[in-house]
Each structure stands twice: as C-alpha cells, then as structure tokens.
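Heads up, target-v5.tsv below (TSV, C-alpha atoms):
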chain	number	residue	atom	x	y	z
A	18	MET	CA	-67.04	33.86	-115.58
A	19	ARG	CA	-65.46	30.42	-116.03
A	20	THR	CA	-63.73	30.70	-112.65
A	21	ALA	CA	-66.96	31.73	-110.92
A	22	LYS	CA	-68.80	28.70	-112.32
A	23	ARG	CA	-66.10	26.33	-111.08
A	24	SER	CA	-66.21	27.89	-107.63
A	25	SER	CA	-69.99	27.55	-107.37
A	26	HIS	CA	-69.85	23.97	-108.62
A	27	SER	CA	-67.17	23.05	-106.07
A	28	LYS	CA	-69.15	24.64	-103.23
A	29	PHE	CA	-72.25	22.73	-104.31
A	30	ILE	CA	-70.39	19.40	-104.30
A	31	ALA	CA	-68.80	20.19	-100.93
A	32	LEU	CA	-72.23	21.03	-99.50
A	33	LEU	CA	-73.79	17.81	-100.77
A	34	LEU	CA	-70.88	15.76	-99.50
A	35	SER	CA	-71.05	17.34	-96.06
A	36	ILE	CA	-74.77	16.58	-95.93
A	37	TYR	CA	-74.18	13.03	-97.14
A	38	PHE	CA	-71.41	12.27	-94.67
A	39	GLY	CA	-73.25	14.13	-91.91
A	40	MET	CA	-76.05	11.59	-92.27
A	41	SER	CA	-73.52	8.77	-92.12
A	42	LEU	CA	-71.91	7.20	-89.14
A	43	VAL	CA	-68.18	6.71	-89.71
A	44	SER	CA	-67.19	3.62	-87.82
A	45	TYR	CA	-63.75	2.18	-87.19
A	46	ALA	CA	-62.84	-1.25	-85.94
A	47	GLN	CA	-61.91	-1.33	-82.30
A	48	ASP	CA	-58.93	-3.64	-82.95
A	49	LYS	CA	-56.99	-2.20	-85.81
A	50	THR	CA	-55.92	-4.77	-88.40
A	51	PHE	CA	-53.65	-4.53	-91.40
A	52	LYS	CA	-53.55	-6.91	-94.31
A	53	ALA	CA	-50.66	-7.36	-96.73
A	54	SER	CA	-51.28	-8.79	-100.19
A	55	ALA	CA	-49.50	-9.54	-103.47
A	56	PRO	CA	-50.17	-11.80	-106.46
A	57	ALA	CA	-49.64	-15.48	-105.69
A	58	VAL	CA	-47.69	-15.90	-108.94
A	59	VAL	CA	-45.60	-13.20	-110.66
A	60	ASN	CA	-43.20	-13.13	-113.60
A	61	ALA	CA	-39.51	-12.99	-112.73
A	62	GLY	CA	-38.08	-9.68	-113.88
A	63	THR	CA	-41.54	-8.10	-114.04
A	64	ALA	CA	-42.82	-5.45	-111.62
A	65	PHE	CA	-45.80	-6.24	-109.39
A	66	ASN	CA	-47.75	-4.58	-106.57
A	67	TYR	CA	-47.38	-5.31	-102.86
A	68	ALA	CA	-50.06	-3.57	-100.77
A	69	VAL	CA	-50.61	-3.06	-97.06
A	70	SER	CA	-54.11	-1.91	-96.14
A	71	GLY	CA	-55.93	-1.15	-92.91
A	72	ASP	CA	-58.48	1.12	-91.32
A	73	THR	CA	-56.15	3.90	-90.20
A	74	GLN	CA	-53.09	5.78	-91.36
A	75	GLY	CA	-49.58	4.93	-90.26
A	76	ASP	CA	-45.92	4.61	-91.26
A	77	VAL	CA	-45.26	1.31	-93.04
A	78	SER	CA	-41.93	-0.51	-93.14
A	79	PHE	CA	-40.98	-3.99	-94.34
A	80	SER	CA	-37.91	-5.91	-95.48
A	81	PRO	CA	-38.19	-7.66	-98.85
A	82	PRO	CA	-36.42	-11.03	-99.06
A	83	SER	CA	-33.14	-11.50	-100.88
A	84	GLY	CA	-33.72	-11.39	-104.64
A	85	VAL	CA	-36.68	-9.00	-104.40
A	86	ARG	CA	-36.20	-5.26	-104.92
A	87	ILE	CA	-38.40	-2.24	-104.20
A	88	LEU	CA	-38.82	-0.20	-107.39
A	89	GLY	CA	-41.21	2.41	-106.04
A	90	GLY	CA	-43.65	3.39	-103.34
A	91	PRO	CA	-45.40	3.68	-101.20
A	92	SER	CA	-48.35	5.31	-102.93
A	93	SER	CA	-51.24	5.75	-100.55
A	94	MET	CA	-54.96	5.81	-101.24
A	95	THR	CA	-57.90	6.34	-98.90
A	96	SER	CA	-61.34	4.97	-99.76
A	97	PHE	CA	-64.66	4.64	-97.96
A	98	ARG	CA	-66.92	1.61	-97.96
A	99	SER	CA	-70.55	2.28	-97.13
A	100	SER	CA	-73.34	-0.11	-96.23
A	101	ASN	CA	-76.89	0.11	-94.90
A	102	ILE	CA	-77.28	-1.90	-91.70
A	103	ASN	CA	-80.78	-1.96	-90.19
A	104	GLY	CA	-81.61	1.32	-91.82
A	105	ARG	CA	-78.48	3.02	-90.59
A	106	MET	CA	-75.73	4.11	-93.02
A	107	GLU	CA	-72.27	3.08	-91.86
A	108	THR	CA	-69.06	4.08	-93.58
A	109	VAL	CA	-65.69	2.43	-92.95
A	110	ARG	CA	-62.45	4.04	-94.06
A	111	GLU	CA	-59.70	1.94	-95.67
A	112	VAL	CA	-56.16	3.20	-96.17
A	113	SER	CA	-53.82	1.28	-98.48
A	114	TYR	CA	-50.08	1.66	-99.12
A	115	THR	CA	-48.84	0.19	-102.39
A	116	TYR	CA	-45.24	-0.64	-103.29
A	117	VAL	CA	-43.87	-1.76	-106.66
A	118	LEU	CA	-41.58	-4.78	-106.30
A	119	ILE	CA	-39.65	-7.00	-108.69
A	120	ALA	CA	-38.21	-10.50	-108.27
A	121	ASP	CA	-34.92	-10.81	-110.12
A	122	LYS	CA	-35.09	-14.56	-110.66
A	123	GLU	CA	-37.50	-17.47	-110.44
A	124	GLY	CA	-38.24	-19.02	-107.06
A	125	GLU	CA	-40.53	-18.99	-104.04
A	126	TYR	CA	-40.38	-15.97	-101.75
A	127	VAL	CA	-41.75	-14.91	-98.36
A	128	ILE	CA	-42.19	-11.25	-97.45
A	129	PRO	CA	-42.13	-10.96	-93.63
A	130	PRO	CA	-44.94	-9.09	-91.86
A	131	ALA	CA	-44.93	-5.36	-92.43
A	132	VAL	CA	-44.71	-3.09	-89.37
A	133	ILE	CA	-47.16	-0.18	-89.17
A	134	LYS	CA	-46.59	2.62	-86.68
A	135	SER	CA	-49.72	4.61	-85.84
A	136	GLY	CA	-49.19	7.17	-83.13
A	137	ARG	CA	-47.48	5.43	-80.25
A	138	LYS	CA	-48.68	1.98	-81.27
A	139	GLU	CA	-47.22	-0.58	-83.62
A	140	PHE	CA	-49.14	-3.16	-85.60
A	141	GLN	CA	-48.11	-6.04	-87.84
A	142	SER	CA	-49.59	-7.39	-91.02
A	143	ASN	CA	-49.55	-10.97	-92.18
A	144	GLU	CA	-46.62	-12.42	-94.13
A	145	VAL	CA	-47.00	-12.82	-97.89
A	146	ARG	CA	-45.84	-15.79	-99.94
A	147	PHE	CA	-45.55	-15.74	-103.72
A	148	LYS	CA	-43.86	-17.59	-106.54
A	149	ALA	CA	-41.84	-16.01	-109.37
A	150	VAL	CA	-41.95	-17.90	-112.66
A	151	GLY	CA	-40.43	-17.35	-116.10
A	152	SER	CA	-41.24	-13.96	-117.61
A	153	THR	CA	-43.88	-13.81	-120.33
A	154	ALA	CA	-43.81	-10.06	-120.86
A	155	SER	CA	-44.53	-8.80	-124.35
A	156	THR	CA	-44.87	-5.54	-126.20
A	157	SER	CA	-48.64	-5.48	-125.84
A	158	GLU	CA	-48.83	-6.92	-122.33
A	159	GLY	CA	-51.76	-5.54	-120.41
A	160	ALA	CA	-53.87	-4.87	-123.50
A	161	SER	CA	-56.81	-6.98	-124.56
A	162	ALA	CA	-57.01	-8.49	-128.01
A	163	GLY	CA	-57.61	-5.72	-130.52
A	164	GLU	CA	-56.99	-3.02	-127.91
A	165	PRO	CA	-54.09	-0.64	-128.68
A	166	ALA	CA	-51.15	-0.91	-126.31
A	167	SER	CA	-50.82	1.74	-123.60
A	168	VAL	CA	-47.03	1.74	-123.92
A	169	MET	CA	-44.56	0.37	-126.45
A	170	VAL	CA	-40.78	0.23	-126.73
A	171	GLN	CA	-39.03	0.25	-130.09
A	172	LEU	CA	-35.39	-0.43	-131.03
A	173	ILE	CA	-34.63	1.63	-134.15
A	174	PRO	CA	-31.29	1.26	-136.02
A	175	SER	CA	-29.97	3.91	-138.38
A	176	LYS	CA	-28.98	1.05	-140.76
A	177	ARG	CA	-29.69	-2.66	-140.89
A	178	THR	CA	-26.81	-3.67	-143.18
A	179	ILE	CA	-23.26	-2.47	-142.53
A	180	TYR	CA	-19.68	-3.64	-142.96
A	181	GLU	CA	-17.66	-5.14	-140.16
A	182	GLY	CA	-16.03	-2.19	-138.39
A	183	GLU	CA	-18.71	0.26	-139.56
A	184	GLN	CA	-20.92	2.22	-137.15
A	185	ILE	CA	-24.68	2.56	-136.64
A	186	VAL	CA	-26.86	4.46	-134.16
A	187	LEU	CA	-29.38	2.45	-132.15
A	188	SER	CA	-32.26	4.41	-130.58
A	189	THR	CA	-34.58	3.16	-127.84
A	190	LYS	CA	-37.93	4.94	-128.25
A	191	VAL	CA	-40.91	4.86	-125.91
A	192	LEU	CA	-44.49	5.42	-127.13
A	193	VAL	CA	-47.16	6.08	-124.50
A	194	ARG	CA	-50.89	6.75	-124.46
A	195	GLU	CA	-51.30	7.12	-120.69
A	196	GLN	CA	-49.49	8.79	-117.83
A	197	LEU	CA	-46.72	6.57	-116.54
A	198	GLN	CA	-43.43	6.39	-114.70
A	199	ILE	CA	-40.48	4.34	-115.94
A	200	THR	CA	-39.14	2.31	-113.01
A	201	ALA	CA	-36.44	0.25	-114.76
A	202	LEU	CA	-34.90	-0.26	-118.20
A	203	ASN	CA	-33.00	-3.46	-118.90
A	204	SER	CA	-31.26	-2.61	-122.14
A	205	ALA	CA	-30.54	-5.11	-124.87
A	206	SER	CA	-27.14	-6.77	-124.90
A	207	TYR	CA	-24.75	-5.43	-127.55
A	208	GLU	CA	-22.67	-8.56	-127.92
A	209	GLY	CA	-20.48	-8.24	-130.99
A	210	PHE	CA	-20.46	-4.44	-130.88
A	211	TRP	CA	-18.34	-1.71	-129.35
A	212	ALA	CA	-20.84	0.68	-127.75
A	213	GLU	CA	-20.63	4.39	-126.93
A	214	THR	CA	-23.54	6.12	-125.17
A	215	LEU	CA	-25.01	9.20	-126.87
A	216	GLU	CA	-27.37	11.80	-125.43
A	217	PRO	CA	-31.08	10.83	-125.60
A	218	ASP	CA	-33.76	13.34	-126.59
A	219	ASP	CA	-34.78	15.91	-123.99
A	220	PHE	CA	-38.11	16.49	-125.71
A	221	ALA	CA	-41.21	14.48	-126.62
A	222	MET	CA	-43.20	14.42	-129.85
A	223	ASN	CA	-46.66	13.39	-131.01
A	224	GLU	CA	-46.85	10.41	-133.35
A	225	THR	CA	-49.71	8.42	-134.88
A	226	VAL	CA	-49.30	4.63	-134.98
A	227	ASP	CA	-52.06	2.45	-136.47
A	228	GLY	CA	-54.50	5.31	-136.11
A	229	GLN	CA	-53.67	5.85	-132.40
A	230	ASN	CA	-52.05	8.99	-131.01
A	231	TYR	CA	-48.92	8.45	-128.93
A	232	ARG	CA	-46.49	10.69	-127.10
A	233	THR	CA	-43.01	9.49	-128.06
A	234	GLN	CA	-39.46	10.11	-126.90
A	235	VAL	CA	-36.04	8.56	-127.47
A	236	ILE	CA	-34.88	7.68	-123.94
A	237	LYS	CA	-31.62	5.93	-124.90
A	238	ARG	CA	-29.27	6.22	-127.84
A	239	ASP	CA	-26.05	4.28	-128.53
A	240	LEU	CA	-23.37	4.39	-131.19
A	241	LEU	CA	-22.42	0.82	-132.09
A	242	THR	CA	-19.34	-0.37	-133.97
A	243	ALA	CA	-19.68	-3.87	-135.47
A	244	GLN	CA	-16.87	-6.19	-134.43
A	245	LYS	CA	-17.97	-9.46	-135.99
A	246	LYS	CA	-19.57	-10.42	-139.29
A	247	GLY	CA	-22.74	-12.34	-140.04
A	248	GLU	CA	-26.31	-11.97	-138.79
A	249	VAL	CA	-26.28	-10.42	-135.33
A	250	THR	CA	-29.35	-10.23	-133.09
A	251	ILE	CA	-29.98	-7.35	-130.70
A	252	GLY	CA	-32.77	-7.29	-128.14
A	253	PRO	CA	-35.18	-7.25	-126.71
A	254	SER	CA	-34.96	-4.42	-124.21
A	255	ILE	CA	-37.34	-4.75	-121.26
A	256	MET	CA	-38.84	-1.70	-119.58
A	257	ASP	CA	-40.75	-1.74	-116.30
A	258	VAL	CA	-43.32	1.02	-115.90
A	259	THR	CA	-46.04	2.07	-113.51
A	260	ILE	CA	-49.17	3.33	-115.30
A	261	GLN	CA	-51.56	5.61	-113.45
A	262	LYS	CA	-55.11	4.54	-114.26
A	263	ARG	CA	-58.29	6.32	-113.17
A	264	VAL	CA	-60.67	4.03	-111.33
A	265	ARG	CA	-64.32	4.83	-110.58
A	266	SER	CA	-65.01	4.08	-106.94
A	267	ARG	CA	-67.80	1.68	-106.03
A	268	ASN	CA	-68.74	3.98	-103.18
A	269	ASN	CA	-70.92	6.28	-105.27
A	270	VAL	CA	-73.97	5.10	-103.37
A	271	LEU	CA	-76.09	7.82	-104.95
A	272	ASN	CA	-75.47	6.12	-108.31
A	273	ASP	CA	-75.28	9.53	-109.94
A	274	PRO	CA	-72.70	10.22	-112.70
A	275	PHE	CA	-72.48	13.76	-111.33
A	276	PHE	CA	-70.45	12.38	-108.41
A	277	ASP	CA	-68.02	10.28	-110.47
A	278	ASN	CA	-65.16	12.76	-110.13
A	279	ALA	CA	-65.74	13.11	-106.40
A	280	PHE	CA	-65.60	9.36	-105.82
A	281	SER	CA	-63.06	8.30	-108.46
A	282	SER	CA	-59.45	7.53	-107.59
A	283	TYR	CA	-56.25	6.46	-109.28
A	284	GLU	CA	-54.30	3.26	-108.94
A	285	ASN	CA	-50.76	2.49	-110.03
A	286	VAL	CA	-50.61	-0.52	-112.32
A	287	PRO	CA	-47.15	-2.07	-112.86
A	288	GLN	CA	-46.39	-3.38	-116.31
A	289	SER	CA	-43.39	-4.87	-118.08
A	290	VAL	CA	-42.92	-4.13	-121.77
A	291	LYS	CA	-40.66	-5.84	-124.28
A	292	SER	CA	-39.20	-4.13	-127.31
A	293	ASN	CA	-38.82	-5.66	-130.73
A	294	THR	CA	-35.79	-7.81	-131.58
A	295	LEU	CA	-33.43	-6.63	-134.33
A	296	THR	CA	-31.46	-8.75	-136.76
A	297	LEU	CA	-28.60	-6.85	-138.38
A	298	ASN	CA	-26.57	-8.01	-141.36
A	299	ILE	CA	-22.86	-7.38	-140.80
A	300	LYS	CA	-21.09	-7.83	-144.12
A	301	PRO	CA	-17.49	-9.07	-144.23
A	302	LEU	CA	-14.89	-6.69	-145.60
A	303	PRO	CA	-13.88	-7.26	-149.22
A	304	PRO	CA	-11.20	-9.92	-149.73
A	305	ASN	CA	-7.60	-9.28	-150.72
A	306	ALA	CA	-7.01	-6.68	-148.01
A	307	PRO	CA	-3.48	-5.21	-148.06
A	308	GLU	CA	-1.02	-6.64	-145.56
A	309	SER	CA	-0.85	-3.22	-143.93
A	310	PHE	CA	-4.59	-3.27	-143.12
A	311	LYS	CA	-5.11	-3.65	-139.36
A	312	GLY	CA	-8.87	-3.11	-139.00
A	313	ALA	CA	-9.28	0.64	-139.47
A	314	VAL	CA	-12.68	1.35	-141.08
A	315	GLY	CA	-13.77	4.86	-142.00
A	316	ASN	CA	-12.79	7.90	-144.01
A	317	PHE	CA	-9.42	9.10	-142.73
A	318	LYS	CA	-6.59	11.45	-143.52
A	319	ILE	CA	-3.27	10.13	-142.20
A	320	THR	CA	-0.13	12.18	-141.57
A	321	SER	CA	3.24	11.38	-140.01
A	322	SER	CA	6.10	13.56	-138.82
A	323	LEU	CA	9.43	13.47	-137.02
A	324	SER	CA	10.04	16.00	-134.24
A	325	LYS	CA	13.71	16.66	-135.17
A	326	ASP	CA	16.12	16.03	-138.00
A	327	SER	CA	19.18	15.93	-135.72
A	328	VAL	CA	19.72	14.81	-132.15
A	329	GLN	CA	22.46	13.89	-129.67
A	330	THR	CA	23.02	10.27	-128.75
A	331	ASN	CA	20.75	9.06	-125.95
A	332	ASP	CA	18.40	12.01	-126.49
A	333	ALA	CA	14.77	11.39	-127.41
A	334	ILE	CA	13.18	12.04	-130.76
A	335	SER	CA	9.45	11.58	-131.49
A	336	LEU	CA	7.72	10.04	-134.48
A	337	ILE	CA	4.01	10.95	-134.61
A	338	ILE	CA	1.36	9.21	-136.73
A	339	LYS	CA	-2.03	10.94	-136.80
A	340	TYR	CA	-5.45	9.80	-138.05
A	341	SER	CA	-8.07	12.48	-138.72
A	342	GLY	CA	-11.63	11.91	-139.94
A	343	LYS	CA	-14.59	9.70	-139.13
A	344	GLY	CA	-14.81	5.99	-138.36
A	345	ASN	CA	-13.86	3.39	-135.76
A	346	LEU	CA	-11.12	5.55	-134.24
A	347	ASP	CA	-11.66	3.98	-130.79
A	348	LEU	CA	-10.55	0.59	-132.12
A	349	ILE	CA	-7.52	1.52	-134.24
A	350	ARG	CA	-4.33	-0.14	-133.08
A	351	ALA	CA	-0.90	1.48	-133.16
A	352	PRO	CA	0.86	0.86	-136.50
A	353	GLU	CA	4.02	-1.25	-136.53
A	354	LEU	CA	7.29	0.47	-137.40
A	355	ASP	CA	10.32	-0.84	-139.26
A	356	LEU	CA	13.19	0.68	-137.26
A	357	PRO	CA	17.00	0.45	-137.36
A	358	PRO	CA	18.47	-1.82	-134.67
A	359	ASP	CA	20.34	1.03	-132.90
A	360	LEU	CA	17.05	2.82	-132.04
A	361	GLU	CA	15.39	2.06	-128.75
A	362	VAL	CA	11.60	2.51	-128.95
A	363	PHE	CA	8.98	2.77	-126.20
A	364	GLU	CA	5.31	1.84	-126.28
A	365	PRO	CA	3.53	4.59	-128.25
A	366	LYS	CA	1.52	7.20	-126.40
A	367	ARG	CA	-2.08	7.26	-127.60
A	368	VAL	CA	-3.73	10.70	-127.75
A	369	ALA	CA	-7.41	10.77	-128.73
A	370	ASN	CA	-9.54	13.84	-129.37
A	371	LEU	CA	-12.85	12.26	-130.33
A	372	LYS	CA	-16.52	13.16	-130.56
A	373	HIS	CA	-19.26	10.52	-130.54
A	374	GLU	CA	-22.28	11.87	-132.44
A	375	LEU	CA	-25.27	10.74	-134.48
A	376	SER	CA	-23.08	10.86	-137.58
A	377	GLY	CA	-20.48	8.59	-135.97
A	378	THR	CA	-17.14	8.94	-134.21
A	379	SER	CA	-15.03	11.81	-135.52
A	380	GLY	CA	-11.90	13.70	-134.52
A	381	SER	CA	-8.26	12.76	-134.38
A	382	LEU	CA	-6.14	9.94	-133.00
A	383	SER	CA	-2.37	10.20	-132.65
A	384	PHE	CA	0.34	7.70	-131.77
A	385	GLU	CA	3.60	9.17	-130.50
A	386	TYR	CA	6.63	6.88	-130.59
A	387	VAL	CA	9.59	8.00	-128.46
A	388	LEU	CA	12.86	6.88	-130.08
A	389	ILE	CA	16.30	7.01	-128.43
A	390	PRO	CA	19.40	6.53	-130.61
A	391	ARG	CA	22.25	4.85	-128.73
A	392	HIS	CA	24.97	5.47	-131.34
A	393	ALA	CA	26.00	8.37	-133.55
A	394	GLY	CA	25.41	8.22	-137.27
A	395	ASN	CA	22.87	8.76	-140.04
A	396	TYR	CA	19.53	7.05	-139.45
A	397	ARG	CA	16.79	6.11	-141.88
A	398	ILE	CA	13.25	4.95	-140.93
A	399	SER	CA	11.38	3.08	-143.64
A	400	PRO	CA	8.17	4.64	-145.04
A	401	ILE	CA	5.07	4.29	-142.87
A	402	ASN	CA	2.58	2.01	-144.66
A	403	ILE	CA	-1.03	2.09	-143.43
A	404	SER	CA	-4.25	0.85	-145.06
A	405	PHE	CA	-7.89	1.39	-144.09
A	406	PHE	CA	-11.26	0.39	-145.54
A	407	ASN	CA	-13.58	3.21	-146.62
A	408	PRO	CA	-17.23	2.02	-146.49
A	409	ASN	CA	-18.32	5.03	-148.56
A	410	THR	CA	-16.19	3.99	-151.54
A	411	THR	CA	-16.15	0.25	-150.60
A	412	ARG	CA	-12.42	0.04	-151.24
A	413	TYR	CA	-9.15	-0.05	-149.33
A	414	ASP	CA	-7.17	3.17	-149.26
A	415	ARG	CA	-3.48	3.30	-148.50
A	416	TYR	CA	-1.17	5.85	-146.94
A	417	ILE	CA	2.56	5.60	-147.60
A	418	SER	CA	4.86	8.24	-146.15
A	419	ASP	CA	8.29	9.29	-147.32
A	420	PRO	CA	11.21	7.72	-145.46
A	421	PHE	CA	12.40	9.58	-142.37
A	422	GLU	CA	16.08	10.51	-142.07
A	423	PHE	CA	17.91	12.19	-139.19
A	424	VAL	CA	21.47	12.63	-137.91
A	425	VAL	CA	22.73	11.58	-134.50
A	426	THR	CA	25.90	13.30	-133.24
A	427	GLY	CA	28.16	12.73	-130.23
A	428	ASP	CA	29.79	9.60	-128.92
A	429	ASN	CA	28.10	6.66	-127.26
A	430	ALA	CA	28.40	8.41	-123.90
A	431	GLY	CA	26.25	11.24	-125.22
A	432	ASN	CA	29.11	13.81	-125.54
Any chance you could put this one into structure tokens?
Amino acid sequence: MRTAKRSSHSKFIALLLSIYFGMSLVSYAQDKTFKASAPAVVNAGTAFNYAVSGDTQGDVSFSPPSGVRILGGPSSMTSFRSSNINGRMETVREVSYTYVLIADKEGEYVIPPAVIKSGRKEFQSNEVRFKAVGSTASTSEGASAGEPASVMVQLIPSKRTIYEGEQIVLSTKVLVREQLQITALNSASYEGFWAETLEPDDFAMNETVDGQNYRTQVIKRDLLTAQKKGEVTIGPSIMDVTIQKRVRSRNNVLNDPFFDNAFSSYENVPQSVKSNTLTLNIKPLPPNAPESFKGAVGNFKITSSLSKDSVQTNDAISLIIKYSGKGNLDLIRAPELDLPPDLEVFEPKRVANLKHELSGTSGSLSFEYVLIPRHAGNYRISPINISFFNPNTTRYDRYISDPFEFVVTGDNAGN
C-alpha cells in the first residue's frame, strides 16, 4: 500500500509539471554566454567555490594558476528561471558547473577564461580575479552565533602528562551533523615527538554534544613518543570539507509548499574547520640516572648471549643483546661494549620485530655484534650493563649480565 501511494503521488506531480511546463515557453539565448565567478576575497588554505554557468550544457575545462589547486568538481546543477512577460510565461534554463579550489598561500590570482565545448562549438567564459588573505578558519566557521556547528574536529590525547620518552595515542575525531565530503586534512605538526601511524576507525558512532546529535568517527590516529621535556603544543589540524546543503529553489512560482521537493536542489558549500590546540606536559626523567642509561623508557626484559664458547682465530662469533617488552623500542640505541683489544667488532645488526598499537609499541629489538678474534687465547667480555626508566614504577631498572668467556684456538694464520 505504501508503494502504491508513492507511485500515485509521483504520477500526480509529473502530470502537474507537464501541464505547467506545457503552458510555458522555454526560451534560450541566441548567443550562448558563460559566466565564471568566485569570491573576490578568500582565505589562504581554505576551500572556496569556482563556478561556470550558462544556458546550455557542455564540457568545461580550465587551468588554475600556480598556487591554486582543484580539490573537487565539477558538480553540475540545472535550474529554471521563470518570468511573466506581457502575459506570457517564459522559462530560461541555467546550467552551472562548480569546482572546489584552494589557494595555498596569500596573494592575488587570475583564473584564465574557462573553455566550454558544446557539440561542435567552443565558448569561453570571462577570467576571474581574486585575492587570498590570511586564513581565519575556526572550529565553528560557517555557523551563526548560538547555532551548533555542522562539523567539528577534535584532537584527543590518551594522556596529557607523560615522561620524556613515554608514549601517548593522539586521535583526530570528526563530528558531523550534515552530509559532507572531506577534501583535505592538514594534520597538526608533531614537533618534539616520534610519530607512528595507527589504523583509524572503520566505523562511525552516534554522540551527543551540548544537546546536539552528531555522527562521529576517528579518521586519524598516531602513536607519539615524547622526545623533549616541557610544555609542548600540538595543533591545530585543519580539515577542508564540502557540505551538501538542501536549497529551496526560487522557481516555485505556484508558491505551494507541495512543490518544494520538486523545485528544491542541493549546493556544495566548502568549509574549513580548525581543531582544538593541545598543550601536553612532558615531565623530565628523575635525576641521578645511572651512567648506563641511554634513553630507553618502558617496561623491558633484557637478555644477552654468546653464539659459541670456542672458535678458531679469524672466525666470527656473535654477541646478541635483546630487549623484549613495551616502550620506545624504535629509539633505543645499541649498547656500548667493553671488549678486549684483540677482538675486531663490526657495527651491530639491528633486528626489530615490533607492533605499534593503542597500548604502545611492543615486541622485541635485538642487536647482534659480530666479533672476530685475531689471536688465540682465552677471552673475557665484561658484563653487559644496561639501564632503562620504567614509567609504571617511576624508577630506573638495571640489567647486568654475567661476564662472557670463550676460547680461541689455532695460530694467527687461522690454522
């Protein structure tokens, strides 16, 4: 029954429209003209609309000047403008093609005439001049005073106070009340942090903010490791979007709300949105760190081993030091060894098996030192001494191995 009603309603509207337009005279200009337009002043780094409109359809092409990029488009829209001239109803069709552009920096720009191909003919629009000034985008840009924002961007840290070398997760969340398309995201700078990209959410949720319902989703997520102490500022991130807004056409000449859906259209409104700015407190590590501390921060288990306990002269033997656990494993430097003078040592091979997750970086990190004894004899390597700071216990932990001993046989020629 519901389907039958819709069908009858649609047929009724189609019948009325055919009668209405049958009474009209659709007129087109003899000389086809196309007009290009854009705001005279735009904000640098903020999306804006560039439109080419005329009285017929065609294929539009244009070349933006250096420093201006095309973010999207064209989106086309056809409208009809009706007027009563000497008792006769005339209707003129207008077709518009809208592009979303952005100027990367301040300055004055000229967009050359657009070329429109219609059938076998080509037409040109006028050139467009505009000026890009300093950006004034804000979180609530596009909303009137007291009106809830259509879209917001939030930077959300997992912690606001951490130790130097400790990790946090920073999420970039979008909250929307209208249908939109994200055209660009200029992420905040992470100066003072080592950053690893995590997977964003592949699902959206409903959330109520200040009594307004929003659809929300985390579109970016990063794992940050603090590399300097003090108050560190992150943000803002700037997101360019195109919001699809429903517009009631002025061409409802019957002035009847019944025809609103038939005459309404949609327009794409570009908007630039700023996120909040974060201030994080990066605490210095406790004083009196052991001399063997080289910046490792986390909760680790450390092991060390020698590949052989006997070897021929000039043959290789490996010493392996392995960190296992969770923390700033990406940033740990190879420990220094205290070796006998008759051992030749090469730069250690770094082998990482790491996972970057919401809980932090975890896995294992190994350093393999290849040692080559050049003379026969009994060798002794001093104990490995390594310290790291554990933010969970707020103290320095130390690993000290047993000394390593091995025997080298043969003469200096390796026999």
May I have the residues at most 7 Å from (2.9, 5.8, -126.1) in the file's coordinates, counting all atoms listed in the file, as a compact mmCIF listing (two decimals) with C-alpha atoms, in the frame of the given file?
# COMPACT_ATOMS: atom_id res chain seq x y z
CA PHE A 363 8.98 2.77 -126.20
CA GLU A 364 5.31 1.84 -126.28
CA PRO A 365 3.53 4.59 -128.25
CA LYS A 366 1.52 7.20 -126.40
CA ARG A 367 -2.08 7.26 -127.60
CA PHE A 384 0.34 7.70 -131.77
CA GLU A 385 3.60 9.17 -130.50
CA TYR A 386 6.63 6.88 -130.59
Quick one: residues within 8 Å of stretch 322-338 of chain A, all atoms listed in the file counted, chain neighbours fewer than 2 positions away excluded, as a CSV table (one decimal) with C-alpha atoms, keeping the file's coordinate frame?
chain,number,residue,atom,x,y,z
A,319,ILE,CA,-3.3,10.1,-142.2
A,320,THR,CA,-0.1,12.2,-141.6
A,340,TYR,CA,-5.4,9.8,-138.0
A,383,SER,CA,-2.4,10.2,-132.6
A,384,PHE,CA,0.3,7.7,-131.8
A,385,GLU,CA,3.6,9.2,-130.5
A,386,TYR,CA,6.6,6.9,-130.6
A,387,VAL,CA,9.6,8.0,-128.5
A,388,LEU,CA,12.9,6.9,-130.1
A,389,ILE,CA,16.3,7.0,-128.4
A,390,PRO,CA,19.4,6.5,-130.6
A,391,ARG,CA,22.2,4.8,-128.7
A,392,HIS,CA,25.0,5.5,-131.3
A,393,ALA,CA,26.0,8.4,-133.6
A,421,PHE,CA,12.4,9.6,-142.4
A,422,GLU,CA,16.1,10.5,-142.1
A,423,PHE,CA,17.9,12.2,-139.2
A,424,VAL,CA,21.5,12.6,-137.9
A,425,VAL,CA,22.7,11.6,-134.5
A,426,THR,CA,25.9,13.3,-133.2
A,427,GLY,CA,28.2,12.7,-130.2
A,428,ASP,CA,29.8,9.6,-128.9
A,429,ASN,CA,28.1,6.7,-127.3
A,430,ALA,CA,28.4,8.4,-123.9
A,431,GLY,CA,26.2,11.2,-125.2
A,432,ASN,CA,29.1,13.8,-125.5
Residues near A:Val235, cut-off 9 Å, all atoms listed in the file, skip fewer than 5 positions along chain, as number ranges by chain
A: 188-191, 217-221
Atom-to-atom span, atom CA of A:Lys318 and atom CA of A:Leu360, Å
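Here the two named atoms are 27.7 Å from each other.
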Any idea what the distance is between atom CA of A:Pro304 and atom CA of A:Thr242?
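About the pair atom CA of A:Pro304 and atom CA of A:Thr242: they are 20.1 Å apart.
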